[in-house]
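**Q** Take a look at the following structure, please.
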Amino acid sequence: MNNYYTKETIDRFTNPKYLGEIKDADGVGKVGNPRCGDQMTVYIKVEKGKISDASFQTLGCAAAIATSDVVCEMAIGKKIEDAKNITEKDMIAKLEKLPAVKVHCSSLAIEGLKKAIENYENR
Amino acid sequence: MKKIYLDYASTTPIDKEVLKKAEPYLSSKFGNPSSLHSFGQEALFAIDNARKRVAKFLNSKEREVVFTPSATISNNLAIMGVLSGKSGAHAITSKIEHKAVIEPLSSSGAEVIKVGANRDGIIRVEDIRKAIREETALISIMYVNSEIGTIQKIREIGEMIEEVNKERKNKIIFHTDAVQAVNYLSCDVKELKVDLLTLSGHKIYGPKGVGALFVREGVALSPSIFGASQEKGLSPGTENIFAIAGLGFAIEEIERSDNREIKRLREKLINGVLSSVSGSKLNGSREERILNNANFSFEGVEGESLLIALDMEGIAASTGSACASSSLSPSSVLLAIGLSHEEAHSSLRVTLGRFTKEEEIDYFLEKLPPIVAKLRKIAGR
């Protein structure tokens, strides 16, 4: 139906699993993409040095929404230090692939997560 | 799933009658028009007839019609044809032109002044007049804006340039890109007082891969492609007979089509969207607007995700969001008429056409509000 995005990307865009605000979050990261104008907020909960929950709110394209969802999923269960090492490549692999022009969306998601961790660490 | 096409400004399906009439030129009537034998002459006859049809539509002479492989190439031929080899030339265009005009102008070497448009997306004739200088060689202003559908005052601009030219030795050449106008507005070149006019086959229910350029008699264009003599050397290469014949048949159909229904449905669409979606607005003048175009911004929604979500419901539209462009910059047209980056980011263009049905507009109006609500929820707005 749509060859631009993979089925995985479309599924995550349509039914994001990690959507919404965590009211009592331990860390919140707000980022904006200066290139395209997308805006993303990542919320994390931390228990015993591990990310126990993560969620997002994103104003952006289907790729930005799908990669937001992926970054939350990948972060949950990881130790803080490991979560910092999530790469674009790992995320894109979860979606099979992204159009070349959309790769920067996955960087935004990583940056959002890093900011949320930074915010947690500075509390 | 229903499939609803609301992107007619992007391209149109070929009309069945047009296809039927042009199809033999893909198969049985395959000759090369440059050949002197009957196969070639049969093909040449088809091109001559297509030229007659286009000339009739434009109220021009047949020899003033040049066929090209696309409207982009027509624009390049017009702009490069006037400006190339003229050192120190000056050209005037607007900030809301299509890239197919902006980019050839930028690479022409001429100094280019881009006049602005007002908040409604209309270019003031006076602003163009004020930008004219002694060295001005070309003015290029689009007839109908491809994104917001606003209709420019081509005839008034043409009259103004004619007046100005009376006092000048080096006459200013006036070009208009009319691709979005042909279906709905008069393109009588004598009335519009244009020297060059671009049109396209696939925007008027004709084939892709063909455009035309009206070149007023006496206007000398320098070619930029070489190697053969077709189309007076301005568009060399063996002609795409099927597409050229198809363009001729398609342009003939235009005067037969009744556009009142399209306009009625477009009005229903605009009223329906503005009343059912909070935080929505129409971009560009509502009155000075081509009858098949609507362009909205939706607060707190990004256009590309909106486009994809609509596509998943079978609805095809278009957006000026940066996220949908390969350059990752938002629509320069929307920014030029004063929209913020966020408003351009949230834009959706919906364009109707000959085959749009009322139930398709109803379906769109049913699907849009929940999609907007869902995307706002995802955005936390």
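Residue numbers start at 1 in each chain; chains themselves are named A, B, ... in the order of the structure tokens; ligands are numbered from 1 in the order shown.
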Any idea which chain A residues end up within 6 Å of chain B if we count only C-alpha atoms, as a PyMOL selection string please?
**A** chain A and resi 36+57-62
**Q** Write out as an MDAnalysis selection string the set of residues from chain A that DSSP, computed on the backbone, places in helix (DSSP H, G or I).
**A** chainID A and resid 7:14 62:75 80:83 88:94 100:121
**Q** Measuring atom to atom with only C-alpha atoms, identify which of B:Ala181, B:Ile139, B:Val333, B:Leu310 is nearest to His98 of chain B.
**A**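 Result for the nearest residue to His98 of chain B: B:Val333.
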**Q** With only C-alpha atoms as the basis for distance, which of A:Val31, A:Ala75, A:Ile80, A:Val70 is at the shortest distance from Leu19 of chain A?
**A**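 So, comparing all the options, the nearest one is A:Val70.
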**Q** Show which residues sit within 12 Å of Asn122 of chain A, as a PyMOL selection string. Count only C-alpha atoms, and ignore same-chain residues fewer than 6 positions away.
**A** chain A and resi 26-29+115-116
**Q** For Asn145 of chain B, find every residue with an atom within 8 Å (counting only C-alpha atoms), except residues of its own chain fewer than 4 positions away, and show them as a PyMOL selection string.
**A** chain B and resi 96-98+149-152+180
**Q** Pull N, CA and C atoms from the residues just selected and write them as a CSV table (one decimal), in the first residue's frame.
**A**
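Result file out.csv:
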chain,number,residue,atom,x,y,z
B,96,ILE,N,6.7,33.2,-4.4
B,96,ILE,CA,5.8,32.1,-4.3
B,96,ILE,C,5.8,31.2,-5.6
B,97,GLU,N,6.9,31.4,-6.4
B,97,GLU,CA,7.0,30.6,-7.6
B,97,GLU,C,7.3,29.1,-7.3
B,98,HIS,N,7.1,28.3,-8.3
B,98,HIS,CA,7.5,26.9,-8.2
B,98,HIS,C,9.0,26.8,-8.4
B,149,GLY,N,-3.2,27.8,-4.5
B,149,GLY,CA,-4.3,28.0,-5.5
B,149,GLY,C,-4.6,29.4,-5.8
B,150,THR,N,-3.8,30.4,-5.3
B,150,THR,CA,-4.2,31.8,-5.5
B,150,THR,C,-4.0,32.2,-7.0
B,151,ILE,N,-4.9,33.0,-7.5
B,151,ILE,CA,-4.9,33.4,-8.9
B,151,ILE,C,-4.2,34.7,-9.0
B,152,GLN,N,-3.1,34.8,-9.8
B,152,GLN,CA,-2.4,36.0,-9.9
B,152,GLN,C,-3.0,36.9,-11.0
B,180,GLN,N,-1.3,25.2,-13.5
B,180,GLN,CA,-2.5,25.0,-12.6
B,180,GLN,C,-3.7,25.8,-13.0
